[in-house]
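K.L.:
Here it is, the structure in full.
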Amino acid sequence: MEERKQMTERKERGITLIALVVTIIVLIILATVSINMVVGENGLIRKAEQARDAYEESSKREEEDMGQIIDEMEILLADGEAQSVSDKEPGELSGDGSKEKPYLIESIEDLVKFSEKVNGGETFENKVVKLKVNLDFNNDISYVNPKRTDYGNINGINETEELKVELTTGTGFKPIGTDSNNFNGTFDGGGHTIKNMYISVTDNGTTGLFGVTGEKSNIKNIDILKANIKSTGDYVGGLIGKSKGTVEKVTIREGSIEGNERIGGVVGYAEKATITACTNTGNITGDRYIGGIAGFIDKESTIENCSNNGIIVGNGIYSDIDYQYHSNVGGIAGDVVNNSKIINSSNHNIVKSTKGIDIGGIAGVVIVNSTISKCYNEGEIGILQKNIDEKNVGGICGDFHNSTVSQCFNKGEVNGEQSIGGIVGIIGWQSKALIENCYNTGKVTGIIGSIGGIGYVPVNTTGSEIKNSYNTGIVSATERNNNNIRRNNRHRKSRCNNSNKLLLFIRNI
């Protein structure tokens, strides 16, 4: 009996011990879970740390966003007016050129030094330069010291004068970049304005805020206000003389740009370049290859989402080859060649020539597999005056062959001596051309003849086509020639060839 009692007690103690062990194990498991919940990868402490980090990051972003909003508000409130500079080291670009800490242009002195560096051979490749404030060459507050004389003889006048005088007289500001020393970095205007830039040169150097920009360059987000640029040479632009890179979100406001050949509101000459979201309202004058956005675009260059509101005037250059004056003037570009494109762009002001052929609301000449698409004109194109040799005038382009015009329309008046069209002045010219899905509603007036609602096709042109295009504008001539003027209001599809003489004048489609 005693033995049975002892066995029962041992059994109960065993059960108690097992229960105790189980309890301890459960407690250990619970403790482990609790510890993990507190200090583990997804524990409370870690989550608290993550929440703290997220809060700090959010606060930092909010501070940056607020700073950007304040900067943008200051820009909007300034509306291009100069902002008083507070550059502690004028002539020294603060920052390291990275995206996070770009080199900063904080005064006129910095801008001049930047030009000196690029022209001296520093390309700024893979570097970012940013304009920090609005600058006005004519306003003392844009200089740390407008009277300083240590920058030397900038303007080409015999003696060194005060910096502000150097930059606003004589040859004025020296463009950034040359043919031998291109700028190849990123220049971000930050939405700021450079006002009253003055350049007046008599050599053949490229002219603009930038002289020459290379293939890796990107110039963006800048407003050029009331620039006064004069050159007796070629390659002149409100922003860049010659560009091989990217240009985006640039406005050229008011002011005037004058030159000889390849003159543009934004870029004088573009080679393998891309120009997007740019606007010009300044007046532009030149002899040949003149455009509201670019004078001449070449080698697969593209202009997209751009507009012109300035007056464009060509003076013409006499050619001993065909004994005519040539202007090549367009609301967007003077010449578009070698697989280049103008897309979704428009002209809203006068485009004309005082003497010379090839004038268009979008482009003067479009050749060699180039394209104009989704563009329109509402400005007055050409002038109605006899004996000024203003021929090949079109609402979209003046001279057009081996290329395509599609989804374009013209609402502006188109005038000239002969070879006048609501869409294209002269179509094909011994080669193929395609006009598709276009229409004209503007008045088309010529003097001698070869006038059409869409355009004129010469007798020696083969293989050109006009598809799904129509005219509703009035077509007339001051010296009427019924053989040269037709008035079909609509045309679905027509192939131009030598066997159908009515199509030689595009039947005023």
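To be explicit about the labels: the chains of the structure tokens are called A, B, and onward in the order shown, and within each one the residues are counted from 1, while ligands get numbers from 1 in the order they are shown.
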Do a neighbour search on region 360-375 of chain A at 8 Å with only C-alpha atoms, toss out local chain neighbours closer than 3 positions, and write the hits as JSON, numbers by chain.

P.N.:
{"A": [289, 291, 327, 328, 329, 330, 331, 332, 333, 334, 335, 336, 337, 338, 339, 340, 341, 342, 343, 344, 345, 346, 347, 351, 378, 379, 380, 381, 393, 394, 395, 396, 397, 398, 399, 400, 401, 402, 403, 404, 405, 406, 407, 408, 409, 424, 425]}

K.L.:
Neighbouring residues of Lys101 (chain A) were defined as those with any atom within 10 Å, considering only C-alpha atoms; residues of the same chain fewer than 3 positions away were excluded. Please report them as a list in words.

P.N.:
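Listed by chain and then number, they are Ser94, Gly95, Asp96, Gly97, Ser98, Leu104, Lys127, Val128, Val129 and Lys130 of chain A.
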
K.L.:
Apply DSSP to the structure's backbone, then extract all residues of region 263-368 of chain A labelled strand (DSSP E) and return them as JSON, numbers by chain.

P.N.:
{"A": [263, 264, 267, 268, 269, 270, 271, 274, 275, 276, 279, 280, 283, 284, 285, 286, 288, 289, 290, 291, 294, 295, 296, 297, 298, 302, 303, 304, 307, 308, 312, 313, 314, 317, 318, 319, 324, 325, 326, 327, 328, 329, 330, 333, 334, 335, 336, 341, 342, 343, 346, 347, 351, 352, 353, 357, 358, 359, 360, 363, 364, 365, 366]}

K.L.:
Excluding region 247-251 of chain A and residues on its chain fewer than 5 positions from it, collect all residues at most 6 Å away from it, counting only C-alpha atoms, and give them as an MDAnalysis selection string.

P.N.:
chainID A and resid 218:223 275:280

K.L.:
Check which residues of region 68-145 of chain A sit at most 8 Å from region 179-200 of chain A using only C-alpha atoms, and return one row each with the closest pair of atoms and their distance in Å to one decimal, ordered by chain and rising number, as JSON lines.

P.N.:
{"residue": "A:Glu72", "atom": "CA", "partner": "A:Gly191", "partner_atom": "CA", "distance": 7.8}
{"residue": "A:Ile75", "atom": "CA", "partner": "A:His192", "partner_atom": "CA", "distance": 6.5}
{"residue": "A:Gly80", "atom": "CA", "partner": "A:Thr193", "partner_atom": "CA", "distance": 5.1}
{"residue": "A:Glu81", "atom": "CA", "partner": "A:Thr193", "partner_atom": "CA", "distance": 7.7}
{"residue": "A:Ala82", "atom": "CA", "partner": "A:Lys195", "partner_atom": "CA", "distance": 7.9}
{"residue": "A:Val118", "atom": "CA", "partner": "A:Phe183", "partner_atom": "CA", "distance": 6.2}
{"residue": "A:Asn119", "atom": "CA", "partner": "A:Asn181", "partner_atom": "CA", "distance": 5.7}
{"residue": "A:Gly120", "atom": "CA", "partner": "A:Asn181", "partner_atom": "CA", "distance": 7.1}
{"residue": "A:Gly121", "atom": "CA", "partner": "A:Asn181", "partner_atom": "CA", "distance": 5.3}
{"residue": "A:Glu122", "atom": "CA", "partner": "A:Asn181", "partner_atom": "CA", "distance": 7.5}
{"residue": "A:Thr123", "atom": "CA", "partner": "A:Phe183", "partner_atom": "CA", "distance": 5.0}
{"residue": "A:Phe124", "atom": "CA", "partner": "A:Gly185", "partner_atom": "CA", "distance": 4.8}
{"residue": "A:Glu125", "atom": "CA", "partner": "A:Gly185", "partner_atom": "CA", "distance": 4.5}
{"residue": "A:Asn126", "atom": "CA", "partner": "A:Gly185", "partner_atom": "CA", "distance": 5.5}
{"residue": "A:Lys127", "atom": "CA", "partner": "A:Gly185", "partner_atom": "CA", "distance": 5.2}
{"residue": "A:Val128", "atom": "CA", "partner": "A:Thr186", "partner_atom": "CA", "distance": 4.7}
{"residue": "A:Val129", "atom": "CA", "partner": "A:Phe187", "partner_atom": "CA", "distance": 4.8}
{"residue": "A:Lys130", "atom": "CA", "partner": "A:Asp188", "partner_atom": "CA", "distance": 4.7}
{"residue": "A:Leu131", "atom": "CA", "partner": "A:Gly189", "partner_atom": "CA", "distance": 4.8}
{"residue": "A:Lys132", "atom": "CA", "partner": "A:Gly190", "partner_atom": "CA", "distance": 6.9}
{"residue": "A:Val133", "atom": "CA", "partner": "A:His192", "partner_atom": "CA", "distance": 6.1}
{"residue": "A:Asn134", "atom": "CA", "partner": "A:Thr193", "partner_atom": "CA", "distance": 4.8}
{"residue": "A:Leu135", "atom": "CA", "partner": "A:Ile194", "partner_atom": "CA", "distance": 4.9}
{"residue": "A:Asp136", "atom": "CA", "partner": "A:Lys195", "partner_atom": "CA", "distance": 4.5}
{"residue": "A:Phe137", "atom": "CA", "partner": "A:Asn196", "partner_atom": "CA", "distance": 5.6}
{"residue": "A:Asn138", "atom": "CA", "partner": "A:Asn196", "partner_atom": "CA", "distance": 6.4}

K.L.:
Which residues, written as a PyMOL selection string, have at least one atom at most 7 Å from Thr202 (chain A), with only C-alpha atoms counted and residues fewer than 6 positions away on the same chain left out?

P.N.:
chain A and resi 231-233
